[in-house]
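Colleague: Here you go, coords-v4.cif (mmCIF, C-alpha atoms):
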data_run
#
loop_
_atom_site.group_PDB
_atom_site.id
_atom_site.type_symbol
_atom_site.label_atom_id
_atom_site.label_comp_id
_atom_site.auth_asym_id
_atom_site.auth_seq_id
_atom_site.Cartn_x
_atom_site.Cartn_y
_atom_site.Cartn_z
ATOM 1 C CA PHE A 3 -19.258 -11.865 -2.113
ATOM 2 C CA ARG A 4 -16.124 -11.956 -4.286
ATOM 3 C CA GLU A 5 -18.292 -11.674 -7.370
ATOM 4 C CA GLU A 6 -20.151 -8.730 -5.852
ATOM 5 C CA MET A 7 -16.804 -7.029 -5.137
ATOM 6 C CA GLY A 8 -15.416 -7.790 -8.585
ATOM 7 C CA VAL A 9 -12.521 -9.799 -7.142
ATOM 8 C CA CYS A 10 -11.173 -12.462 -9.503
ATOM 9 C CA GLU A 11 -10.432 -15.943 -8.244
ATOM 10 C CA ASP A 12 -6.681 -15.456 -8.796
ATOM 11 C CA THR A 13 -6.612 -12.227 -6.736
ATOM 12 C CA MET A 14 -5.518 -12.491 -3.110
ATOM 13 C CA LEU A 15 -8.234 -10.848 -0.981
ATOM 14 C CA VAL A 16 -6.854 -9.580 2.338
ATOM 15 C CA THR A 17 -9.626 -8.280 4.579
ATOM 16 C CA TYR A 18 -9.518 -5.982 7.568
ATOM 17 C CA LEU A 19 -12.929 -6.020 9.240
ATOM 18 C CA GLY A 20 -13.687 -3.820 12.226
ATOM 19 C CA THR A 21 -13.035 -0.412 13.689
ATOM 20 C CA VAL A 22 -10.925 1.872 11.513
ATOM 21 C CA GLY A 23 -9.506 3.848 14.401
ATOM 22 C CA MET A 24 -6.398 5.577 15.651
ATOM 23 C CA ALA A 25 -5.170 2.474 17.506
ATOM 24 C CA HIS A 26 -5.060 0.321 14.382
ATOM 25 C CA GLY A 27 -2.209 1.905 12.401
ATOM 26 C CA LEU A 28 -3.845 1.063 9.102
ATOM 27 C CA GLU A 29 -1.782 3.580 7.131
ATOM 28 C CA ASN A 30 0.799 0.775 7.193
ATOM 29 C CA VAL A 31 -1.589 -1.290 5.070
ATOM 30 C CA LEU A 32 -1.818 1.559 2.555
ATOM 31 C CA ASP A 33 1.986 1.557 2.434
ATOM 32 C CA ALA A 34 1.913 -2.178 1.704
ATOM 33 C CA ALA A 35 -0.747 -1.686 -0.979
ATOM 34 C CA GLU A 36 1.380 0.973 -2.614
ATOM 35 C CA LEU A 37 4.453 -1.260 -2.529
ATOM 36 C CA ALA A 38 2.431 -4.146 -4.005
ATOM 37 C CA GLY A 39 1.423 -1.890 -6.861
ATOM 38 C CA ASP A 40 -0.640 -4.523 -8.642
ATOM 39 C CA GLU A 41 -4.089 -6.001 -8.742
ATOM 40 C CA ARG A 42 -2.925 -9.492 -7.661
ATOM 41 C CA THR A 43 -3.643 -8.443 -4.095
ATOM 42 C CA ARG A 44 -6.757 -6.561 -3.047
ATOM 43 C CA PHE A 45 -6.954 -4.962 0.386
ATOM 44 C CA LEU A 46 -10.497 -4.688 1.693
ATOM 45 C CA PHE A 47 -11.339 -2.490 4.676
ATOM 46 C CA VAL A 48 -14.800 -3.091 6.119
ATOM 47 C CA GLY A 49 -15.959 -0.845 8.936
ATOM 48 C CA GLU A 50 -16.197 2.637 10.362
ATOM 49 C CA GLY A 51 -14.085 4.729 12.672
ATOM 50 C CA ALA A 52 -12.266 7.953 13.391
ATOM 51 C CA GLU A 53 -9.525 7.304 10.806
ATOM 52 C CA LYS A 54 -11.643 6.031 7.936
ATOM 53 C CA ALA A 55 -12.135 9.338 6.093
ATOM 54 C CA ALA A 56 -8.413 10.101 6.286
ATOM 55 C CA LEU A 57 -7.499 6.619 5.014
ATOM 56 C CA VAL A 58 -9.970 6.843 2.135
ATOM 57 C CA ALA A 59 -8.578 10.268 1.176
ATOM 58 C CA GLU A 60 -4.998 9.003 1.403
ATOM 59 C CA ALA A 61 -5.747 5.934 -0.728
ATOM 60 C CA GLU A 62 -7.350 8.204 -3.331
ATOM 61 C CA ARG A 63 -4.422 10.650 -3.186
ATOM 62 C CA ARG A 64 -1.996 7.782 -3.825
ATOM 63 C CA GLY A 65 -4.196 6.336 -6.574
ATOM 64 C CA LEU A 66 -4.358 2.918 -4.913
ATOM 65 C CA ARG A 67 -6.527 0.798 -7.182
ATOM 66 C CA ASN A 68 -5.945 -2.318 -5.076
ATOM 67 C CA VAL A 69 -7.673 -0.897 -1.970
ATOM 68 C CA THR A 70 -11.419 -0.991 -1.381
ATOM 69 C CA PHE A 71 -13.368 0.507 1.506
ATOM 70 C CA MET A 72 -16.816 -0.700 2.545
ATOM 71 C CA ASP A 73 -19.119 0.742 5.160
ATOM 72 C CA GLY A 74 -19.783 -1.255 8.295
ATOM 73 C CA GLN A 75 -21.879 -4.339 7.557
ATOM 74 C CA PRO A 76 -24.629 -6.101 9.501
ATOM 75 C CA ARG A 77 -23.306 -8.884 11.738
ATOM 76 C CA GLU A 78 -25.164 -11.477 9.640
ATOM 77 C CA ARG A 79 -23.046 -10.534 6.620
ATOM 78 C CA VAL A 80 -19.674 -10.954 8.366
ATOM 79 C CA PRO A 81 -19.407 -14.735 7.765
ATOM 80 C CA SER A 82 -19.807 -14.332 3.996
ATOM 81 C CA ILE A 83 -17.190 -11.574 3.930
ATOM 82 C CA LEU A 84 -14.707 -13.605 5.961
ATOM 83 C CA SER A 85 -15.296 -16.831 4.045
ATOM 84 C CA ALA A 86 -14.660 -14.998 0.748
ATOM 85 C CA SER A 87 -11.352 -13.653 2.060
ATOM 86 C CA ASP A 88 -8.038 -15.390 1.449
ATOM 87 C CA ALA A 89 -6.600 -13.938 4.661
ATOM 88 C CA VAL A 90 -7.864 -11.845 7.558
ATOM 89 C CA LEU A 91 -5.715 -8.953 8.701
ATOM 90 C CA VAL A 92 -5.524 -8.103 12.411
ATOM 91 C CA HIS A 93 -3.547 -4.897 12.881
ATOM 92 C CA LEU A 94 -2.681 -2.536 15.735
ATOM 93 C CA ARG A 95 -0.047 0.165 16.162
ATOM 94 C CA ASP A 96 3.246 -0.881 17.706
ATOM 95 C CA ASP A 97 2.600 0.277 21.257
ATOM 96 C CA PRO A 98 3.469 -1.537 24.511
ATOM 97 C CA LEU A 99 -0.157 -1.099 25.604
ATOM 98 C CA PHE A 100 -1.368 -3.317 22.733
ATOM 99 C CA ARG A 101 0.927 -6.226 23.584
ATOM 100 C CA ALA A 102 -1.580 -7.301 26.253
ATOM 101 C CA VAL A 103 -4.610 -6.856 23.959
ATOM 102 C CA ILE A 104 -6.227 -9.826 22.226
ATOM 103 C CA PRO A 105 -8.436 -8.572 19.375
ATOM 104 C CA SER A 106 -11.622 -10.601 18.935
ATOM 105 C CA LYS A 107 -10.979 -10.574 15.165
ATOM 106 C CA ILE A 108 -8.488 -13.381 15.793
ATOM 107 C CA PHE A 109 -11.227 -15.695 17.016
ATOM 108 C CA GLU A 110 -13.642 -14.733 14.233
ATOM 109 C CA ALA A 111 -10.991 -15.619 11.640
ATOM 110 C CA MET A 112 -10.246 -18.895 13.438
ATOM 111 C CA ALA A 113 -13.937 -19.820 13.570
ATOM 112 C CA MET A 114 -14.208 -19.214 9.821
ATOM 113 C CA ALA A 115 -11.029 -21.239 9.109
ATOM 114 C CA ARG A 116 -9.316 -18.237 7.520
ATOM 115 C CA PRO A 117 -5.567 -17.700 7.906
ATOM 116 C CA ILE A 118 -4.601 -14.668 9.959
ATOM 117 C CA ILE A 119 -2.009 -12.059 9.135
ATOM 118 C CA LEU A 120 -1.298 -10.592 12.536
ATOM 119 C CA ALA A 121 0.432 -7.247 13.002
ATOM 120 C CA VAL A 122 0.149 -7.186 16.779
ATOM 121 C CA GLY A 123 2.831 -8.158 19.275
ATOM 122 C CA GLY A 124 2.618 -9.823 22.645
ATOM 123 C CA GLU A 125 -0.104 -12.207 23.713
ATOM 124 C CA SER A 126 -1.941 -12.139 20.373
ATOM 125 C CA ALA A 127 1.222 -13.192 18.543
ATOM 126 C CA ASP A 128 1.700 -15.966 21.095
ATOM 127 C CA ILE A 129 -1.816 -17.297 20.424
ATOM 128 C CA VAL A 130 -1.462 -17.194 16.631
ATOM 129 C CA GLY A 131 2.005 -18.764 16.826
ATOM 130 C CA ARG A 132 1.032 -21.485 19.286
ATOM 131 C CA THR A 133 -2.075 -22.455 17.315
ATOM 132 C CA ARG A 134 -0.278 -22.121 13.949
ATOM 133 C CA SER A 135 -3.300 -20.211 12.649
ATOM 134 C CA GLY A 136 -1.506 -17.421 10.833
ATOM 135 C CA ILE A 137 1.608 -15.408 10.161
ATOM 136 C CA ALA A 138 2.755 -12.731 12.576
ATOM 137 C CA VAL A 139 4.520 -9.625 11.285
ATOM 138 C CA ARG A 140 5.822 -6.573 13.101
ATOM 139 C CA PRO A 141 3.360 -3.663 13.159
ATOM 140 C CA GLY A 142 4.462 -0.752 10.992
ATOM 141 C CA GLU A 143 6.481 -2.922 8.588
ATOM 142 C CA PRO A 144 4.775 -2.889 5.173
ATOM 143 C CA GLY A 145 7.489 -5.088 3.638
ATOM 144 C CA GLU A 146 6.870 -7.815 6.201
ATOM 145 C CA LEU A 147 3.143 -7.549 5.577
ATOM 146 C CA LEU A 148 3.710 -8.008 1.836
ATOM 147 C CA ASP A 149 6.021 -10.971 2.451
ATOM 148 C CA ALA A 150 3.322 -12.688 4.533
ATOM 149 C CA ILE A 151 0.737 -12.025 1.826
ATOM 150 C CA ALA A 152 3.087 -13.399 -0.838
ATOM 151 C CA ARG A 153 3.665 -16.592 1.177
ATOM 152 C CA LEU A 154 -0.076 -17.133 1.457
ATOM 153 C CA ARG A 155 -0.794 -16.191 -2.158
ATOM 154 C CA GLU A 156 1.844 -18.632 -3.428
ATOM 155 C CA SER A 157 0.656 -21.515 -1.254
ATOM 156 C CA PRO A 158 -3.048 -22.336 -1.136
ATOM 157 C CA ALA A 159 -2.026 -25.393 0.906
ATOM 158 C CA LEU A 160 -0.501 -23.140 3.566
ATOM 159 C CA ARG A 161 -3.671 -21.007 3.627
ATOM 160 C CA ASP A 162 -5.762 -24.142 4.097
ATOM 161 C CA GLU A 163 -3.449 -25.519 6.797
ATOM 162 C CA LEU A 164 -3.386 -22.303 8.824
ATOM 163 C CA GLY A 165 -7.146 -21.899 8.465
ATOM 164 C CA ALA A 166 -7.778 -25.492 9.573
ATOM 165 C CA ASN A 167 -5.409 -25.074 12.520
ATOM 166 C CA GLY A 168 -7.288 -21.956 13.585
ATOM 167 C CA ARG A 169 -10.652 -23.661 13.294
ATOM 168 C CA ALA A 170 -9.424 -26.598 15.379
ATOM 169 C CA ALA A 171 -8.074 -24.219 18.026
ATOM 170 C CA ALA A 172 -11.347 -22.298 18.087
ATOM 171 C CA GLU A 173 -13.278 -25.507 18.666
ATOM 172 C CA ARG A 174 -10.802 -26.904 21.187
ATOM 173 C CA GLU A 175 -9.754 -23.861 23.225
ATOM 174 C CA PHE A 176 -11.702 -20.750 22.399
ATOM 175 C CA ASN A 177 -15.350 -21.737 22.497
ATOM 176 C CA ARG A 178 -17.637 -20.421 25.224
ATOM 177 C CA LYS A 179 -18.264 -23.795 26.821
ATOM 178 C CA GLU A 180 -14.551 -24.501 27.289
ATOM 179 C CA ALA A 181 -13.824 -20.942 28.445
ATOM 180 C CA ALA A 182 -16.663 -21.107 30.990
ATOM 181 C CA ALA A 183 -15.400 -24.454 32.287
ATOM 182 C CA ARG A 184 -11.881 -23.035 32.714
ATOM 183 C CA MET A 185 -13.279 -19.987 34.497
ATOM 184 C CA LEU A 186 -15.334 -22.145 36.878
ATOM 185 C CA GLU A 187 -12.312 -24.316 37.539
ATOM 186 C CA GLY A 188 -10.284 -21.212 38.351
ATOM 187 C CA LEU A 189 -12.931 -19.935 40.740
#
Kindly present the structure from the file in structure tokens form.

Modeller:
Amino acid sequence: FREEMGVCEDTMLVTYLGTVGMAHGLENVLDAAELAGDERTRFLFVGEGAEKAALVAEAERRGLRNVTFMDGQPRERVPSILSASDAVLVHLRDDPLFRAVIPSKIFEAMAMARPIILAVGGESADIVGRTRSGIAVRPGEPGELLDAIARLRESPALRDELGANGRAAAEREFNRKEAAARMLEGL
């Protein structure tokens, strides 16, 4: 997949995969891409949504060469996209409503042993922190997002550790069999 995208091995590929909607606050990622200003980090957006056309136009207006947009992909292709990524971005606007939301992207990244960069507060941040599966940043803070990316880019060992922690947590806590058993126990 990296070869298909023209992403060199020494480029940090940060992937956002999912709905490109109003709730996601992805203009913050464009701000981070602009601040990065180099090709050492590539931001990949995969998906469709109400904000996609505006984000594509804004990236073009800013001349962001380190941002790529792909159309939504078949579910079968998602594992190859995630496994080719150096980090998976999970991002929502900073809104009290979203502090109780747990995006499923977290569990997909964990299952694929990819480190998470999480720009969501509340319960999602608690899960990522407790499982040590990624780095949480405040939504709407492009500098913090870049700092997290830099930490992961500079330490392949940290990427591997966070990814392995996420995979272990997915197997231990977040698989259907365990979740069903906990639900039955609760009932």

Colleague: Contacts between segment 163-186 of chain A and segment 115-136 of chain A, please, where a residue of segment 115-136 of chain A counts if it comes within 9 Å (with only C-alpha atoms); show its shortest atom pair and distance in Å to one decimal, rows by chain and ascending number, as a tab-separated table.

Modeller:
residue	atom	partner	partner_atom	distance
A:Ala115	CA	A:Gly165	CA	4.0
A:Arg116	CA	A:Gly165	CA	4.4
A:Pro117	CA	A:Gly165	CA	4.5
A:Ile118	CA	A:Gly165	CA	7.8
A:Val130	CA	A:Gly168	CA	8.1
A:Thr133	CA	A:Ala171	CA	6.3
A:Arg134	CA	A:Leu164	CA	6.0
A:Ser135	CA	A:Leu164	CA	4.4
A:Gly136	CA	A:Leu164	CA	5.6

Colleague: One number please: atom CA of Glu146 of chain A to atom CA of Asp96 of chain A, in Å, one decimal.

Modeller: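 Taking atom CA of Glu146 of chain A as the start and atom CA of Asp96 of chain A as the end point, the length is 13.9 Å.
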
Colleague: Let me make sure I understand: among A:Ala25, A:Ala61, A:Ala152, A:Leu94, which one has the smallest atom-to-atom distance to Ala121 of chain A if we use all atoms listed in the file?

Modeller: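 Counting all atoms listed in the file, the residue closest to Ala121 of chain A is A:Leu94.
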
Colleague: Run the PyMOL selection byres ((chain A and resi 84) around 9) on the file and write out the hits as a PyMOL selection string.

Modeller: chain A and resi 17+19+79-83+85-90+110-111+114+116

Colleague: For Ala59 of chain A, which of A:Asp40, A:Ile137, A:Phe71, A:Val122 is the closest residue, counting all atoms listed in the file?

Modeller: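 Counting all atoms listed in the file, the residue closest to Ala59 of chain A is A:Phe71.
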
Colleague: Can you give me, as a PDB file with C-alpha atoms, in the frame of the given file, the residues this file yields under the PyMOL selection byres ((chain A and resi 21) around 6)?

Modeller:
ATOM      1  CA  GLY A  20     -13.687  -3.820  12.226  1.00  0.00           C
ATOM      2  CA  VAL A  22     -10.925   1.872  11.513  1.00  0.00           C
ATOM      3  CA  GLY A  23      -9.506   3.848  14.401  1.00  0.00           C
ATOM      4  CA  GLY A  49     -15.959  -0.845   8.936  1.00  0.00           C
ATOM      5  CA  GLU A  50     -16.197   2.637  10.362  1.00  0.00           C
ATOM      6  CA  GLY A  51     -14.085   4.729  12.672  1.00  0.00           C
TER       7      GLY A  51
END

Colleague: Could you give me, as a list in words, the residues within 12 Å of Asp97 of chain A, counting only C-alpha atoms and dropping anything in the same chain fewer than 5 positions from it?

Modeller: Met24, Ala25, His26, Gly27, Ala102, Val103, Ala121, Val122, Gly123, Gly124, Arg140, Pro141 and Gly142 of chain A

Colleague: With C-alpha atoms kept, could you save the residues just selected as an mmCIF file, in the coordinates of the input?

Modeller:
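Result file follows (selection_17.cif):
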data_model
loop_
_atom_site.group_PDB
_atom_site.id
_atom_site.type_symbol
_atom_site.label_atom_id
_atom_site.label_comp_id
_atom_site.auth_asym_id
_atom_site.auth_seq_id
_atom_site.Cartn_x
_atom_site.Cartn_y
_atom_site.Cartn_z
ATOM 1 C CA MET A 24 -6.398 5.577 15.651
ATOM 2 C CA ALA A 25 -5.170 2.474 17.506
ATOM 3 C CA HIS A 26 -5.060 0.321 14.382
ATOM 4 C CA GLY A 27 -2.209 1.905 12.401
ATOM 5 C CA ALA A 102 -1.580 -7.301 26.253
ATOM 6 C CA VAL A 103 -4.610 -6.856 23.959
ATOM 7 C CA ALA A 121 0.432 -7.247 13.002
ATOM 8 C CA VAL A 122 0.149 -7.186 16.779
ATOM 9 C CA GLY A 123 2.831 -8.158 19.275
ATOM 10 C CA GLY A 124 2.618 -9.823 22.645
ATOM 11 C CA ARG A 140 5.822 -6.573 13.101
ATOM 12 C CA PRO A 141 3.360 -3.663 13.159
ATOM 13 C CA GLY A 142 4.462 -0.752 10.992
#

Colleague: Closest to Thr43 of chain A among A:Glu6, A:Asp149, A:Asp128, A:Glu62, using only C-alpha atoms?

Modeller: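 Going through A:Glu6, A:Asp149, A:Asp128, A:Glu62 one by one, the smallest distance to Thr43 of chain A is for A:Asp149.
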
Colleague: Tell me, in Å to one decimal, how far atom CA of Val9 of chain A is from atom CA of Ala35 of chain A.

Modeller: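 Spanning atom CA of Val9 of chain A to atom CA of Ala35 of chain A is a straight-line distance of 15.6 Å.
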
Colleague: Between atom CA of Ile119 of chain A and atom CA of Leu147 of chain A, what is the spacing in Å?

Modeller: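 These atoms are spaced 7.7 Å apart.
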
Colleague: I need the residue set behind the PyMOL selection byres ((chain A and resi 72) around 7) for this file; please write it as a PyMOL selection string.

Modeller: chain A and resi 47-49+70-71+73-74

Colleague: Measuring atom to atom with only C-alpha atoms, identify which of A:Leu189, A:Ile104, A:Ile151, A:Val139 is nearest to Thr13 of chain A.

Modeller: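 Of all the options, A:Ile151 lies closest to Thr13 of chain A.
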
Colleague: Taking (-3.3, -4.2, 2.7) in the file's coordinates, which residues come within 9 Å, counting all atoms listed in the file, written as a list in words?

Modeller: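 Residues with an atom close enough to that point: Val16, Thr17, Tyr18, Leu28, Asn30, Val31, Leu32, Asp33, Ala34, Ala35, Glu36, Ala38, Thr43, Arg44, Phe45, Leu46, Phe47, Asn68, Val69, Leu91, Pro144, Leu147, Leu148 and Ile151 of chain A.
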
Colleague: Mind dumping segment 126-137 of chain A from that block, keeping all heavy atoms, as a PDB file, in the first residue's frame?

Modeller:
ATOM      1  N   SER A 126     -12.521   7.902  25.840  1.00  0.00           N
ATOM      2  CA  SER A 126     -11.572   7.396  24.838  1.00  0.00           C
ATOM      3  C   SER A 126     -10.140   7.601  25.295  1.00  0.00           C
ATOM      4  O   SER A 126      -9.299   6.708  25.165  1.00  0.00           O
ATOM      5  CB  SER A 126     -11.790   8.100  23.501  1.00  0.00           C
ATOM      6  OG  SER A 126     -13.052   7.801  22.986  1.00  0.00           O
ATOM      7  N   ALA A 127      -9.851   8.793  25.830  1.00  0.00           N
ATOM      8  CA  ALA A 127      -8.504   9.079  26.327  1.00  0.00           C
ATOM      9  C   ALA A 127      -8.162   8.163  27.496  1.00  0.00           C
ATOM     10  O   ALA A 127      -7.009   7.723  27.635  1.00  0.00           O
ATOM     11  CB  ALA A 127      -8.389  10.544  26.725  1.00  0.00           C
ATOM     12  N   ASP A 128      -9.151   7.862  28.325  1.00  0.00           N
ATOM     13  CA  ASP A 128      -8.922   6.945  29.442  1.00  0.00           C
ATOM     14  C   ASP A 128      -8.528   5.555  28.932  1.00  0.00           C
ATOM     15  O   ASP A 128      -7.604   4.933  29.458  1.00  0.00           O
ATOM     16  CB  ASP A 128     -10.172   6.833  30.323  1.00  0.00           C
ATOM     17  CG  ASP A 128     -10.480   8.118  31.079  1.00  0.00           C
ATOM     18  OD1 ASP A 128      -9.589   8.993  31.195  1.00  0.00           O
ATOM     19  OD2 ASP A 128     -11.627   8.249  31.544  1.00  0.00           O
ATOM     20  N   ILE A 129      -9.224   5.074  27.906  1.00  0.00           N
ATOM     21  CA  ILE A 129      -8.922   3.750  27.349  1.00  0.00           C
ATOM     22  C   ILE A 129      -7.511   3.722  26.755  1.00  0.00           C
ATOM     23  O   ILE A 129      -6.727   2.818  27.042  1.00  0.00           O
ATOM     24  CB  ILE A 129      -9.965   3.350  26.284  1.00  0.00           C
ATOM     25  CG1 ILE A 129     -11.311   3.066  26.950  1.00  0.00           C
ATOM     26  CG2 ILE A 129      -9.493   2.136  25.480  1.00  0.00           C
ATOM     27  CD1 ILE A 129     -12.464   2.899  25.975  1.00  0.00           C
ATOM     28  N   VAL A 130      -7.196   4.709  25.936  1.00  0.00           N
ATOM     29  CA  VAL A 130      -5.871   4.736  25.289  1.00  0.00           C
ATOM     30  C   VAL A 130      -4.768   4.897  26.333  1.00  0.00           C
ATOM     31  O   VAL A 130      -3.726   4.251  26.253  1.00  0.00           O
ATOM     32  CB  VAL A 130      -5.822   5.841  24.215  1.00  0.00           C
ATOM     33  CG1 VAL A 130      -4.405   6.069  23.719  1.00  0.00           C
ATOM     34  CG2 VAL A 130      -6.728   5.462  23.042  1.00  0.00           C
ATOM     35  N   GLY A 131      -5.017   5.721  27.361  1.00  0.00           N
ATOM     36  CA  GLY A 131      -4.025   5.890  28.416  1.00  0.00           C
ATOM     37  C   GLY A 131      -3.847   4.639  29.258  1.00  0.00           C
ATOM     38  O   GLY A 131      -2.720   4.214  29.534  1.00  0.00           O
ATOM     39  N   ARG A 132      -4.947   4.039  29.660  1.00  0.00           N
ATOM     40  CA  ARG A 132      -4.896   2.839  30.498  1.00  0.00           C
ATOM     41  C   ARG A 132      -4.220   1.682  29.787  1.00  0.00           C
ATOM     42  O   ARG A 132      -3.467   0.922  30.388  1.00  0.00           O
ATOM     43  CB  ARG A 132      -6.321   2.453  30.928  1.00  0.00           C
ATOM     44  CG  ARG A 132      -6.382   1.193  31.799  1.00  0.00           C
ATOM     45  CD  ARG A 132      -7.800   0.893  32.255  1.00  0.00           C
ATOM     46  NE  ARG A 132      -8.776   0.832  31.201  1.00  0.00           N
ATOM     47  CZ  ARG A 132      -8.919  -0.168  30.336  1.00  0.00           C
ATOM     48  NH1 ARG A 132      -8.123  -1.213  30.382  1.00  0.00           N
ATOM     49  NH2 ARG A 132      -9.865  -0.135  29.410  1.00  0.00           N
ATOM     50  N   THR A 133      -4.488   1.531  28.494  1.00  0.00           N
ATOM     51  CA  THR A 133      -3.919   0.410  27.736  1.00  0.00           C
ATOM     52  C   THR A 133      -2.531   0.731  27.176  1.00  0.00           C
ATOM     53  O   THR A 133      -1.889  -0.145  26.617  1.00  0.00           O
ATOM     54  CB  THR A 133      -4.844   0.007  26.564  1.00  0.00           C
ATOM     55  OG1 THR A 133      -5.003   1.128  25.686  1.00  0.00           O
ATOM     56  CG2 THR A 133      -6.197  -0.468  27.078  1.00  0.00           C
ATOM     57  N   ARG A 134      -2.109   1.984  27.318  1.00  0.00           N
ATOM     58  CA  ARG A 134      -0.826   2.452  26.771  1.00  0.00           C
ATOM     59  C   ARG A 134      -0.702   2.069  25.285  1.00  0.00           C
ATOM     60  O   ARG A 134       0.289   1.502  24.851  1.00  0.00           O
ATOM     61  CB  ARG A 134       0.354   1.905  27.571  1.00  0.00           C
ATOM     62  CG  ARG A 134       0.446   2.488  28.966  1.00  0.00           C
ATOM     63  CD  ARG A 134       1.746   2.225  29.688  1.00  0.00           C
ATOM     64  NE  ARG A 134       2.913   1.932  28.906  1.00  0.00           N
ATOM     65  CZ  ARG A 134       3.739   2.854  28.343  1.00  0.00           C
ATOM     66  NH1 ARG A 134       3.491   4.122  28.486  1.00  0.00           N
ATOM     67  NH2 ARG A 134       4.792   2.476  27.651  1.00  0.00           N
ATOM     68  N   SER A 135      -1.761   2.388  24.545  1.00  0.00           N
ATOM     69  CA  SER A 135      -1.824   2.038  23.124  1.00  0.00           C
ATOM     70  C   SER A 135      -1.639   3.239  22.202  1.00  0.00           C
ATOM     71  O   SER A 135      -1.739   3.086  20.987  1.00  0.00           O
ATOM     72  CB  SER A 135      -3.160   1.351  22.826  1.00  0.00           C
ATOM     73  OG  SER A 135      -4.237   2.183  23.207  1.00  0.00           O
ATOM     74  N   GLY A 136      -1.384   4.407  22.780  1.00  0.00           N
ATOM     75  CA  GLY A 136      -1.212   5.574  21.933  1.00  0.00           C
ATOM     76  C   GLY A 136      -0.881   6.805  22.739  1.00  0.00           C
ATOM     77  O   GLY A 136      -0.601   6.732  23.939  1.00  0.00           O
ATOM     78  N   ILE A 137      -0.929   7.931  22.048  1.00  0.00           N
ATOM     79  CA  ILE A 137      -0.646   9.230  22.649  1.00  0.00           C
ATOM     80  C   ILE A 137      -1.890  10.091  22.502  1.00  0.00           C
ATOM     81  O   ILE A 137      -2.397  10.264  21.387  1.00  0.00           O
ATOM     82  CB  ILE A 137       0.554   9.909  21.944  1.00  0.00           C
ATOM     83  CG1 ILE A 137       1.807   9.042  22.077  1.00  0.00           C
ATOM     84  CG2 ILE A 137       0.782  11.310  22.514  1.00  0.00           C
ATOM     85  CD1 ILE A 137       2.990   9.546  21.253  1.00  0.00           C
TER      86      ILE A 137
END
